[in-house]
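Accompanying notes for the structure given below.
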Amino acid sequence: MPSSALPPAPAPPSALPPARPAADVHRVAVVAVPPVTAFDLAIPDIVFGSAEVDGRPAYRVRICTVEPGPVASTSSLQVVVPHGLDAIATADTVLVTGSASRTDADERILAALRAAAARGARMASICTGAFVLAQAGLLDGHSATTYWVQAGALEHRFPQVRVLPQALFVDDGPVLTSAGLTAGIDLCLHMVRTDHGAAVANAVARLAAVSAVRDGGQGQVLPTPVAAPDGSSLAATRAWALTRLAEPLTLAGLAAHAGVSVRTLNRRFQAETGTTPLQWLLTQRLEQARELLESTALPVDRVAARTGFVTPDSLRRHLLQRVGMTPRAYRAHFTRPTARANG
């Protein structure tokens with residue numbers, strides 16, 4: 001295969017839910033199971049709380065626990081939770097954040113989680129919150145992940161769960177799980193992207209000053225340090241490539257810009273991003289194509305040309321493999337009244 005050829009896209013995630021009208025605010029219940037991880041608890045409030053559709057909040061976030069008030073945390077921070085478990089009963093998404101409770105979560109929390117899952121709420125966890133979902137039986141028969149240090153314990157204690165220890169996050173139908181810390185941001189952005197499209201998710205990522213898109217299958221742990229021994233990195237080359245996605249970028253061209261060999265490019269790229277240069281390019285091209293489909297009325301062939309797919313068939317194939325939708329169906333699902341007539 002020529003070095004400029006696009007690699008195969010990963011398997012599609014589960015089917016996207018029906019589009020929501022902007023006025024229908026999605027209710028998110030964030031469940032604090034003491035002792036809580038304070039950083040994890042803040043992530044969904046920041047990500048979902050920053051999402052807007054047509055200038056209006058897209059989500060309403062409520063942080064809840066069994067007894068509202070101060071709850072124990074895994075750090076020296078004092079955490080005060082304002083809502084009780086009744087927030088779970090009306091939530092569209094229920095998200096359990098990191099907790100040191102591996103096997104002894106309060107049965108009232110477990111019962112509320114089971115009831116939410118039974119009525120069809122989207123269930124999710126960040127970091128060791130997966131242990132709580134597992135205690136409720138909600139991960140039985142599903143693939144899941146957690147913080148890599150605890151992945152072995154999750155697999156040992158809950159053998160009915162297919163643990164994927166290296167994944168950043170796993171979307172397995174009605175239940176989603178993530179690794180720890182920044183992987184929780186990736187998971188929340190993935191849910192925003194699923195609900196409202198790439199443009200809304202990317203706007204949130206820009207506000208939070210984080211990477212707009214990292215695939216769930218990307219590894220949690222990088223095999224080598226991010227920077228080379230001389231302190232250099234490929235960040236400048238990635239930034240350069242992002243402004244040239246319409247061009248036929250090759251491994252040789254990327255290596256030349258970075259001033260390294262193709263072999264060194266591949267090694268450093270994998271170390272810094274957890275993926276290969278061509279897979280990274282594919283992800284960035286798809287992300288840009290999704291934004292153009294959502295926010296403009298450009299014909300699909302022009303969207304394909306602008307994003308380096310060259311032909312509409314190529315864009316169609318890769319978008320179908322990645323999100324399970326054709327460009328036409330994707331545009332119909334996510335286009336807003338403010339979409340521009342041209343771009």
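Each chain in the structure tokens gets a letter, A, B, ..., in the order shown, and its residues are numbered from 1; ligands are numbered from 1 in order too.
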Select from range 131-324 of chain A everything DSSP, run on the backbone, classes as alpha helix (DSSP H), then give the selection as a tab-separated table (two decimals) with N, CA, C and O atoms, in the first residue's frame.
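Ended up saving to part_0.tsv:
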```
chain	number	residue	atom	x	y	z
A	131	PHE	N	-15.85	-0.44	38.97
A	131	PHE	CA	-16.07	-1.44	40.01
A	131	PHE	C	-17.49	-1.32	40.57
A	131	PHE	O	-18.10	-2.33	40.93
A	132	VAL	N	-18.01	-0.10	40.64
A	132	VAL	CA	-19.36	0.09	41.16
A	132	VAL	C	-20.39	-0.43	40.17
A	132	VAL	O	-21.35	-1.13	40.55
A	133	LEU	N	-20.20	-0.12	38.88
A	133	LEU	CA	-21.10	-0.68	37.87
A	133	LEU	C	-21.05	-2.20	37.88
A	133	LEU	O	-22.08	-2.86	37.73
A	134	ALA	N	-19.86	-2.75	38.08
A	134	ALA	CA	-19.72	-4.21	38.13
A	134	ALA	C	-20.43	-4.79	39.34
A	134	ALA	O	-21.07	-5.85	39.26
A	135	GLN	N	-20.35	-4.11	40.49
A	135	GLN	CA	-21.05	-4.59	41.68
A	135	GLN	C	-22.56	-4.59	41.47
A	135	GLN	O	-23.27	-5.45	42.02
A	148	TRP	N	-5.56	1.38	34.42
A	148	TRP	CA	-4.81	0.17	34.10
A	148	TRP	C	-4.23	-0.53	35.33
A	148	TRP	O	-4.12	-1.76	35.37
A	149	VAL	N	-3.90	0.25	36.36
A	149	VAL	CA	-3.35	-0.36	37.58
A	149	VAL	C	-4.37	-1.28	38.23
A	149	VAL	O	-4.01	-2.29	38.86
A	150	GLN	N	-5.67	-0.97	38.09
A	150	GLN	CA	-6.73	-1.74	38.73
A	150	GLN	C	-7.41	-2.73	37.78
A	150	GLN	O	-8.35	-3.43	38.19
A	151	ALA	N	-6.95	-2.81	36.53
A	151	ALA	CA	-7.62	-3.67	35.55
A	151	ALA	C	-7.58	-5.14	35.96
A	151	ALA	O	-8.56	-5.88	35.80
A	152	GLY	N	-6.45	-5.59	36.48
A	152	GLY	CA	-6.34	-6.98	36.92
A	152	GLY	C	-7.30	-7.30	38.04
A	152	GLY	O	-7.91	-8.38	38.07
A	153	ALA	N	-7.45	-6.38	38.98
A	153	ALA	CA	-8.38	-6.59	40.10
A	153	ALA	C	-9.82	-6.64	39.60
A	153	ALA	O	-10.62	-7.46	40.08
A	154	LEU	N	-10.17	-5.78	38.64
A	154	LEU	CA	-11.53	-5.81	38.09
A	154	LEU	C	-11.81	-7.14	37.42
A	154	LEU	O	-12.88	-7.75	37.61
A	155	GLU	N	-10.85	-7.63	36.65
A	155	GLU	CA	-11.02	-8.90	35.95
A	155	GLU	C	-11.12	-10.06	36.93
A	155	GLU	O	-11.92	-11.00	36.73
A	156	HIS	N	-10.33	-10.02	38.00
A	156	HIS	CA	-10.33	-11.10	38.99
A	156	HIS	C	-11.63	-11.14	39.79
A	156	HIS	O	-12.21	-12.22	40.00
A	157	ARG	N	-12.10	-9.97	40.21
A	157	ARG	CA	-13.27	-9.92	41.08
A	157	ARG	C	-14.58	-10.09	40.31
A	157	ARG	O	-15.58	-10.53	40.87
A	182	THR	N	-7.42	11.82	32.53
A	182	THR	CA	-7.78	12.45	31.26
A	182	THR	C	-8.60	11.55	30.35
A	182	THR	O	-9.31	12.04	29.47
A	183	ALA	N	-8.53	10.24	30.54
A	183	ALA	CA	-9.38	9.34	29.75
A	183	ALA	C	-10.86	9.58	30.06
A	183	ALA	O	-11.72	9.34	29.21
A	184	GLY	N	-11.15	10.06	31.26
A	184	GLY	CA	-12.53	10.43	31.58
A	184	GLY	C	-13.00	11.60	30.74
A	184	GLY	O	-14.17	11.67	30.35
A	185	ILE	N	-12.09	12.53	30.44
A	185	ILE	CA	-12.42	13.64	29.54
A	185	ILE	C	-12.71	13.10	28.15
A	185	ILE	O	-13.68	13.51	27.50
A	186	ASP	N	-11.88	12.16	27.70
A	186	ASP	CA	-12.11	11.55	26.38
A	186	ASP	C	-13.48	10.90	26.30
A	186	ASP	O	-14.19	11.03	25.30
A	187	LEU	N	-13.86	10.19	27.36
A	187	LEU	CA	-15.16	9.52	27.36
A	187	LEU	C	-16.30	10.53	27.32
A	187	LEU	O	-17.25	10.36	26.55
A	188	CYS	N	-16.21	11.58	28.12
A	188	CYS	CA	-17.29	12.58	28.14
A	188	CYS	C	-17.38	13.29	26.79
A	188	CYS	O	-18.49	13.54	26.30
A	189	LEU	N	-16.25	13.61	26.17
A	189	LEU	CA	-16.27	14.22	24.85
A	189	LEU	C	-16.87	13.25	23.82
A	189	LEU	O	-17.59	13.68	22.91
A	190	HIS	N	-16.58	11.98	23.97
A	190	HIS	CA	-17.17	10.97	23.07
A	190	HIS	C	-18.69	10.97	23.19
A	190	HIS	O	-19.40	10.88	22.18
A	191	MET	N	-19.20	11.08	24.40
A	191	MET	CA	-20.65	11.10	24.58
A	191	MET	C	-21.26	12.38	24.01
A	191	MET	O	-22.33	12.35	23.40
A	192	VAL	N	-20.59	13.52	24.19
A	192	VAL	CA	-21.07	14.76	23.59
A	192	VAL	C	-21.07	14.63	22.07
A	192	VAL	O	-22.02	15.04	21.39
A	193	ARG	N	-20.01	14.06	21.52
A	193	ARG	CA	-19.92	13.88	20.06
A	193	ARG	C	-21.02	12.95	19.56
A	193	ARG	O	-21.63	13.17	18.51
A	194	THR	N	-21.32	11.91	20.30
A	194	THR	CA	-22.39	10.98	19.93
A	194	THR	C	-23.76	11.67	19.97
A	194	THR	O	-24.59	11.47	19.09
A	195	ASP	N	-23.96	12.50	20.98
A	195	ASP	CA	-25.26	13.16	21.15
A	195	ASP	C	-25.46	14.32	20.18
A	195	ASP	O	-26.56	14.49	19.64
A	196	HIS	N	-24.42	15.11	19.98
A	196	HIS	CA	-24.60	16.39	19.29
A	196	HIS	C	-23.63	16.64	18.14
A	196	HIS	O	-23.71	17.70	17.51
A	198	ALA	N	-19.61	16.40	16.04
A	198	ALA	CA	-18.22	16.78	16.24
A	198	ALA	C	-18.04	18.25	16.55
A	198	ALA	O	-17.17	18.63	17.34
A	199	ALA	N	-18.84	19.12	15.92
A	199	ALA	CA	-18.65	20.55	16.12
A	199	ALA	C	-18.86	20.95	17.58
A	199	ALA	O	-18.08	21.72	18.15
A	200	VAL	N	-19.91	20.44	18.19
A	200	VAL	CA	-20.18	20.75	19.60
A	200	VAL	C	-19.09	20.18	20.49
A	200	VAL	O	-18.58	20.86	21.39
A	201	ALA	N	-18.70	18.93	20.24
A	201	ALA	CA	-17.65	18.30	21.06
A	201	ALA	C	-16.32	19.03	20.92
A	201	ALA	O	-15.60	19.24	21.90
A	202	ASN	N	-15.98	19.44	19.71
A	202	ASN	CA	-14.72	20.14	19.50
A	202	ASN	C	-14.73	21.52	20.15
A	202	ASN	O	-13.70	21.99	20.63
A	203	ALA	N	-15.88	22.18	20.16
A	203	ALA	CA	-15.98	23.46	20.85
A	203	ALA	C	-15.73	23.29	22.35
A	203	ALA	O	-15.05	24.10	22.98
A	204	VAL	N	-16.27	22.22	22.93
A	204	VAL	CA	-16.03	21.94	24.34
A	204	VAL	C	-14.56	21.66	24.58
A	204	VAL	O	-13.96	22.16	25.55
A	205	ALA	N	-13.94	20.87	23.70
A	205	ALA	CA	-12.52	20.55	23.85
A	205	ALA	C	-11.66	21.81	23.80
A	205	ALA	O	-10.69	21.94	24.56
A	206	ARG	N	-12.02	22.74	22.92
A	206	ARG	CA	-11.25	23.98	22.84
A	206	ARG	C	-11.38	24.79	24.13
A	206	ARG	O	-10.40	25.37	24.62
A	207	LEU	N	-12.57	24.85	24.70
A	207	LEU	CA	-12.77	25.56	25.95
A	207	LEU	C	-11.96	24.93	27.08
A	207	LEU	O	-11.43	25.62	27.95
A	208	ALA	N	-11.89	23.61	27.06
A	208	ALA	CA	-11.16	22.89	28.11
A	208	ALA	C	-9.67	22.76	27.82
A	208	ALA	O	-8.92	22.24	28.65
A	235	ALA	N	5.13	17.56	17.93
A	235	ALA	CA	3.97	18.44	18.02
A	235	ALA	C	3.92	19.43	16.86
A	235	ALA	O	2.85	19.69	16.30
A	236	ALA	N	5.07	19.98	16.48
A	236	ALA	CA	5.09	20.95	15.39
A	236	ALA	C	4.70	20.29	14.07
A	236	ALA	O	4.01	20.89	13.24
A	237	THR	N	5.12	19.05	13.88
A	237	THR	CA	4.77	18.34	12.65
A	237	THR	C	3.28	18.00	12.63
A	237	THR	O	2.62	18.10	11.58
A	238	ARG	N	2.71	17.64	13.76
A	238	ARG	CA	1.28	17.38	13.80
A	238	ARG	C	0.50	18.67	13.51
A	238	ARG	O	-0.50	18.65	12.77
A	239	ALA	N	0.94	19.78	14.09
A	239	ALA	CA	0.27	21.06	13.83
A	239	ALA	C	0.37	21.43	12.35
A	239	ALA	O	-0.59	21.93	11.75
A	240	TRP	N	1.52	21.19	11.76
A	240	TRP	CA	1.73	21.46	10.33
A	240	TRP	C	0.80	20.59	9.49
A	240	TRP	O	0.16	21.07	8.55
A	241	ALA	N	0.66	19.32	9.84
A	241	ALA	CA	-0.20	18.41	9.07
A	241	ALA	C	-1.66	18.81	9.17
A	241	ALA	O	-2.42	18.67	8.20
A	242	LEU	N	-2.08	19.32	10.33
A	242	LEU	CA	-3.48	19.70	10.51
A	242	LEU	C	-3.91	20.83	9.56
A	242	LEU	O	-5.08	20.95	9.24
A	251	LEU	N	4.07	9.41	4.69
A	251	LEU	CA	5.00	9.19	5.79
A	251	LEU	C	6.32	9.88	5.51
A	251	LEU	O	6.93	10.49	6.40
A	252	ALA	N	6.77	9.81	4.25
A	252	ALA	CA	8.04	10.44	3.89
A	252	ALA	C	7.95	11.96	4.07
A	252	ALA	O	8.89	12.61	4.55
A	253	GLY	N	6.81	12.56	3.69
A	253	GLY	CA	6.64	14.00	3.85
A	253	GLY	C	6.61	14.42	5.30
A	253	GLY	O	7.19	15.44	5.69
A	254	LEU	N	5.91	13.66	6.13
A	254	LEU	CA	5.87	13.95	7.56
A	254	LEU	C	7.25	13.83	8.18
A	254	LEU	O	7.67	14.66	8.99
A	255	ALA	N	7.98	12.77	7.79
A	255	ALA	CA	9.32	12.56	8.33
A	255	ALA	C	10.26	13.69	7.91
A	255	ALA	O	11.08	14.16	8.70
A	256	ALA	N	10.12	14.14	6.65
A	256	ALA	CA	10.96	15.22	6.17
A	256	ALA	C	10.70	16.51	6.96
A	256	ALA	O	11.63	17.24	7.31
A	257	HIS	N	9.43	16.79	7.22
A	257	HIS	CA	9.12	17.99	7.99
A	257	HIS	C	9.70	17.90	9.39
A	257	HIS	O	10.21	18.90	9.94
A	258	ALA	N	9.66	16.72	9.99
A	258	ALA	CA	10.18	16.53	11.34
A	258	ALA	C	11.69	16.42	11.38
A	258	ALA	O	12.29	16.51	12.45
A	262	VAL	N	11.74	7.85	8.44
A	262	VAL	CA	10.39	7.31	8.55
A	262	VAL	C	10.30	6.37	9.76
A	262	VAL	O	9.31	6.37	10.50
A	263	ARG	N	11.34	5.59	9.97
A	263	ARG	CA	11.34	4.65	11.10
A	263	ARG	C	11.26	5.41	12.43
A	263	ARG	O	10.50	5.05	13.33
A	264	THR	N	12.05	6.49	12.54
A	264	THR	CA	12.02	7.29	13.77
A	264	THR	C	10.68	7.98	13.91
A	264	THR	O	10.13	8.09	15.02
A	265	LEU	N	10.12	8.46	12.81
A	265	LEU	CA	8.80	9.09	12.84
A	265	LEU	C	7.77	8.14	13.43
A	265	LEU	O	7.00	8.51	14.33
A	266	ASN	N	7.73	6.93	12.92
A	266	ASN	CA	6.76	5.94	13.41
A	266	ASN	C	6.95	5.68	14.90
A	266	ASN	O	5.98	5.63	15.66
A	267	ARG	N	8.21	5.52	15.32
A	267	ARG	CA	8.47	5.20	16.73
A	267	ARG	C	8.06	6.35	17.64
A	267	ARG	O	7.38	6.16	18.64
A	268	ARG	N	8.46	7.58	17.27
A	268	ARG	CA	8.13	8.73	18.13
A	268	ARG	C	6.63	9.03	18.10
A	268	ARG	O	6.05	9.41	19.12
A	269	PHE	N	6.01	8.87	16.93
A	269	PHE	CA	4.57	9.14	16.84
A	269	PHE	C	3.80	8.20	17.76
A	269	PHE	O	2.88	8.61	18.46
A	270	GLN	N	4.17	6.93	17.74
A	270	GLN	CA	3.49	5.95	18.59
A	270	GLN	C	3.71	6.30	20.06
A	270	GLN	O	2.79	6.21	20.88
A	271	ALA	N	4.93	6.75	20.39
A	271	ALA	CA	5.22	7.09	21.77
A	271	ALA	C	4.46	8.31	22.24
A	271	ALA	O	3.99	8.37	23.38
A	272	GLU	N	4.30	9.30	21.37
A	272	GLU	CA	3.67	10.56	21.77
A	272	GLU	C	2.16	10.53	21.72
A	272	GLU	O	1.49	11.23	22.47
A	273	THR	N	1.59	9.74	20.81
A	273	THR	CA	0.14	9.78	20.62
A	273	THR	C	-0.54	8.45	20.90
A	273	THR	O	-1.77	8.39	20.99
A	277	PRO	N	1.13	7.28	12.58
A	277	PRO	CA	0.88	8.52	11.83
A	277	PRO	C	-0.33	8.44	10.91
A	277	PRO	O	-1.13	9.37	10.84
A	278	LEU	N	-0.50	7.33	10.19
A	278	LEU	CA	-1.60	7.22	9.25
A	278	LEU	C	-2.95	7.09	9.95
A	278	LEU	O	-3.95	7.64	9.49
A	279	GLN	N	-2.98	6.38	11.05
A	279	GLN	CA	-4.24	6.31	11.80
A	279	GLN	C	-4.59	7.67	12.40
A	279	GLN	O	-5.75	8.07	12.45
A	280	TRP	N	-3.57	8.40	12.86
A	280	TRP	CA	-3.81	9.74	13.39
A	280	TRP	C	-4.35	10.65	12.29
A	280	TRP	O	-5.31	11.39	12.51
A	281	LEU	N	-3.77	10.59	11.11
A	281	LEU	CA	-4.25	11.39	9.99
A	281	LEU	C	-5.70	11.04	9.64
A	281	LEU	O	-6.52	11.93	9.39
A	282	LEU	N	-6.02	9.75	9.64
A	282	LEU	CA	-7.38	9.33	9.34
A	282	LEU	C	-8.36	9.92	10.35
A	282	LEU	O	-9.43	10.45	9.98
A	283	THR	N	-8.01	9.86	11.63
A	283	THR	CA	-8.89	10.40	12.66
A	283	THR	C	-9.10	11.89	12.48
A	283	THR	O	-10.23	12.39	12.60
A	284	GLN	N	-8.02	12.64	12.21
A	284	GLN	CA	-8.14	14.08	12.05
A	284	GLN	C	-8.96	14.43	10.81
A	284	GLN	O	-9.77	15.38	10.83
A	285	ARG	N	-8.79	13.67	9.73
A	285	ARG	CA	-9.56	13.93	8.52
A	285	ARG	C	-11.05	13.64	8.74
A	285	ARG	O	-11.92	14.40	8.29
A	286	LEU	N	-11.34	12.57	9.42
A	286	LEU	CA	-12.74	12.27	9.71
A	286	LEU	C	-13.36	13.33	10.61
A	286	LEU	O	-14.51	13.72	10.42
A	287	GLU	N	-12.60	13.81	11.58
A	287	GLU	CA	-13.13	14.83	12.48
A	287	GLU	C	-13.44	16.11	11.72
A	287	GLU	O	-14.49	16.73	11.92
A	288	GLN	N	-12.54	16.51	10.83
A	288	GLN	CA	-12.79	17.71	10.04
A	288	GLN	C	-13.96	17.52	9.09
A	288	GLN	O	-14.79	18.42	8.91
A	289	ALA	N	-14.06	16.32	8.50
A	289	ALA	CA	-15.19	16.04	7.60
A	289	ALA	C	-16.51	16.10	8.35
A	289	ALA	O	-17.51	16.63	7.85
A	290	ARG	N	-16.54	15.58	9.57
A	290	ARG	CA	-17.77	15.61	10.35
A	290	ARG	C	-18.19	17.04	10.64
A	290	ARG	O	-19.37	17.40	10.56
A	291	GLU	N	-17.21	17.89	11.00
A	291	GLU	CA	-17.55	19.29	11.25
A	291	GLU	C	-18.11	19.97	10.01
A	291	GLU	O	-19.07	20.73	10.08
A	292	LEU	N	-17.52	19.70	8.85
A	292	LEU	CA	-18.00	20.32	7.61
A	292	LEU	C	-19.40	19.82	7.25
A	292	LEU	O	-20.24	20.59	6.79
A	293	LEU	N	-19.64	18.55	7.47
A	293	LEU	CA	-20.97	18.01	7.19
A	293	LEU	C	-22.02	18.63	8.10
A	293	LEU	O	-23.15	18.88	7.68
A	294	GLU	N	-21.65	18.90	9.34
A	294	GLU	CA	-22.60	19.48	10.29
A	294	GLU	C	-22.84	20.96	10.06
A	294	GLU	O	-23.97	21.45	10.19
A	295	SER	N	-21.78	21.70	9.74
A	295	SER	CA	-21.86	23.16	9.80
A	295	SER	C	-21.92	23.84	8.45
A	295	SER	O	-22.04	25.07	8.39
A	300	VAL	N	-20.91	16.63	-0.77
A	300	VAL	CA	-20.06	15.61	-0.17
A	300	VAL	C	-18.73	15.50	-0.91
A	300	VAL	O	-17.68	15.26	-0.29
A	301	ASP	N	-18.73	15.68	-2.23
A	301	ASP	CA	-17.47	15.56	-2.96
A	301	ASP	C	-16.49	16.67	-2.56
A	301	ASP	O	-15.28	16.44	-2.47
A	302	ARG	N	-17.02	17.87	-2.27
A	302	ARG	CA	-16.14	18.95	-1.82
A	302	ARG	C	-15.66	18.73	-0.39
A	302	ARG	O	-14.53	19.07	-0.04
A	303	VAL	N	-16.52	18.17	0.45
A	303	VAL	CA	-16.09	17.81	1.80
A	303	VAL	C	-14.96	16.79	1.73
A	303	VAL	O	-13.95	16.90	2.43
A	304	ALA	N	-15.11	15.80	0.86
A	304	ALA	CA	-14.08	14.78	0.70
A	304	ALA	C	-12.77	15.40	0.22
A	304	ALA	O	-11.69	15.07	0.73
A	305	ALA	N	-12.85	16.30	-0.74
A	305	ALA	CA	-11.65	16.93	-1.28
A	305	ALA	C	-10.96	17.79	-0.23
A	305	ALA	O	-9.73	17.79	-0.12
A	306	ARG	N	-11.75	18.53	0.56
A	306	ARG	CA	-11.17	19.42	1.57
A	306	ARG	C	-10.49	18.67	2.70
A	306	ARG	O	-9.64	19.23	3.40
A	312	PRO	N	-15.71	10.93	-2.84
A	312	PRO	CA	-16.83	10.73	-1.92
A	312	PRO	C	-16.93	9.29	-1.44
A	312	PRO	O	-17.31	9.05	-0.29
A	313	ASP	N	-16.58	8.33	-2.30
A	313	ASP	CA	-16.65	6.92	-1.90
A	313	ASP	C	-15.70	6.63	-0.75
A	313	ASP	O	-16.03	5.85	0.16
A	314	SER	N	-14.51	7.22	-0.81
A	314	SER	CA	-13.55	7.00	0.27
A	314	SER	C	-14.06	7.58	1.58
A	314	SER	O	-14.00	6.93	2.63
A	315	LEU	N	-14.58	8.81	1.55
A	315	LEU	CA	-15.16	9.41	2.75
A	315	LEU	C	-16.32	8.56	3.26
A	315	LEU	O	-16.44	8.30	4.46
A	316	ARG	N	-17.18	8.14	2.36
A	316	ARG	CA	-18.35	7.35	2.75
A	316	ARG	C	-17.91	6.06	3.46
A	316	ARG	O	-18.45	5.70	4.51
A	317	ARG	N	-16.93	5.38	2.89
A	317	ARG	CA	-16.48	4.10	3.46
A	317	ARG	C	-15.92	4.29	4.87
A	317	ARG	O	-16.25	3.56	5.81
A	318	HIS	N	-15.06	5.29	5.03
A	318	HIS	CA	-14.41	5.49	6.33
A	318	HIS	C	-15.39	6.02	7.38
A	318	HIS	O	-15.34	5.62	8.55
A	319	LEU	N	-16.30	6.91	6.98
A	319	LEU	CA	-17.28	7.42	7.94
A	319	LEU	C	-18.24	6.31	8.36
A	319	LEU	O	-18.61	6.19	9.54
A	320	LEU	N	-18.62	5.48	7.41
A	320	LEU	CA	-19.50	4.36	7.73
A	320	LEU	C	-18.83	3.39	8.69
A	320	LEU	O	-19.44	2.90	9.65
A	321	GLN	N	-17.54	3.13	8.48
A	321	GLN	CA	-16.81	2.23	9.37
A	321	GLN	C	-16.61	2.84	10.76
A	321	GLN	O	-16.66	2.14	11.77
A	322	ARG	N	-16.41	4.16	10.82
A	322	ARG	CA	-16.12	4.79	12.11
A	322	ARG	C	-17.37	5.06	12.93
A	322	ARG	O	-17.39	4.82	14.15
A	323	VAL	N	-18.43	5.62	12.32
A	323	VAL	CA	-19.61	6.01	13.10
A	323	VAL	C	-20.88	5.29	12.68
A	323	VAL	O	-21.94	5.53	13.25
```
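The residue that comes closest to Leu176 in chain A, out of A:Ala136, A:Ile109, A:Ala124, A:Ala116 and on the basis of only C-alpha atoms, is A:Ala124.
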May I have the residues within 12 Å of Thr90 in chain A as a PDB file with C-alpha atoms, in the first residue's frame, using only C-alpha atoms and disregarding those fewer than 5 positions away in the same chain?
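That gives us result39.pdb:
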```pdb
ATOM      1  CA  VAL A  25     -31.758  19.285  27.781  1.00  0.00           C
ATOM      2  CA  HIS A  26     -30.029  15.986  28.463  1.00  0.00           C
ATOM      3  CA  ARG A  27     -29.955  15.239  32.179  1.00  0.00           C
ATOM      4  CA  VAL A  28     -26.727  13.805  33.593  1.00  0.00           C
ATOM      5  CA  ALA A  29     -26.494  12.336  37.092  1.00  0.00           C
ATOM      6  CA  ARG A  60     -27.967  19.649  33.005  1.00  0.00           C
ATOM      7  CA  VAL A  61     -25.508  18.035  35.424  1.00  0.00           C
ATOM      8  CA  ARG A  62     -26.363  17.005  38.978  1.00  0.00           C
ATOM      9  CA  GLY A  84     -29.437  12.852  46.691  1.00  0.00           C
ATOM     10  CA  LEU A  85     -30.032   9.709  44.649  1.00  0.00           C
ATOM     11  CA  ALA A 112     -30.587   3.086  41.954  1.00  0.00           C
ATOM     12  CA  LEU A 113     -28.089   2.191  39.226  1.00  0.00           C
ATOM     13  CA  ALA A 115     -33.248   0.848  38.191  1.00  0.00           C
ATOM     14  CA  ALA A 116     -31.757   3.477  35.875  1.00  0.00           C
ATOM     15  CA  ALA A 117     -30.313   0.826  33.572  1.00  0.00           C
ATOM     16  CA  ARG A 119     -35.489   2.016  32.271  1.00  0.00           C
ATOM     17  CA  GLY A 120     -32.916   2.570  29.504  1.00  0.00           C
ATOM     18  CA  ALA A 121     -30.625   5.278  30.850  1.00  0.00           C
ATOM     19  CA  ARG A 122     -27.117   5.421  29.401  1.00  0.00           C
TER      20      ARG A 122
END
```
Which range 92-179 of chain A residues have any atom within 12 Å of an atom of range 64-68 of chain A, and for each, what is the nearest pair of atoms with distance in Å to one decimal, counting only C-alpha atoms, rows sorted by chain and number, as a Markdown table?
```
| residue | atom | partner | partner_atom | distance |
| --- | --- | --- | --- | --- |
| A:Val94 | CA | A:Cys64 | CA | 10.3 |
| A:Leu95 | CA | A:Cys64 | CA | 10.2 |
| A:Val96 | CA | A:Cys64 | CA | 9.8 |
| A:Thr97 | CA | A:Cys64 | CA | 10.9 |
| A:Ala105 | CA | A:Val66 | CA | 10.6 |
| A:Asp106 | CA | A:Val66 | CA | 8.1 |
| A:Glu107 | CA | A:Val66 | CA | 9.8 |
| A:Arg108 | CA | A:Val66 | CA | 7.2 |
| A:Ile109 | CA | A:Val66 | CA | 6.8 |
| A:Leu110 | CA | A:Val66 | CA | 10.6 |
| A:Ala111 | CA | A:Val66 | CA | 11.3 |
| A:Ala112 | CA | A:Val66 | CA | 10.0 |
| A:Leu113 | CA | A:Thr65 | CA | 11.6 |
```
Which of range 55-214 of chain A fall in strand (DSSP E or B), as number ranges by chain: A: 56-57, 59-64, 69-71, 73, 79-81, 83, 93-96, 99, 122-125, 143-144, 162-163, 167, 169-172, 175-178
statement: Expressed in Å, the length from CA of Gly308 in chain A to CA of Gly324 in chain A is 20.0 Å
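Of the residues under consideration (A:Thr335, A:Gln166, A:Thr307, A:Ser233), A:Thr307 shows the shortest atom-to-atom contact distance to Leu249 in chain A when counting only C-alpha atoms.
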query: Please, what distance in Å, to one decimal, runs between CA of Thr145 in chain A and CA of Phe48 in chain A?
result: 21.4 Å
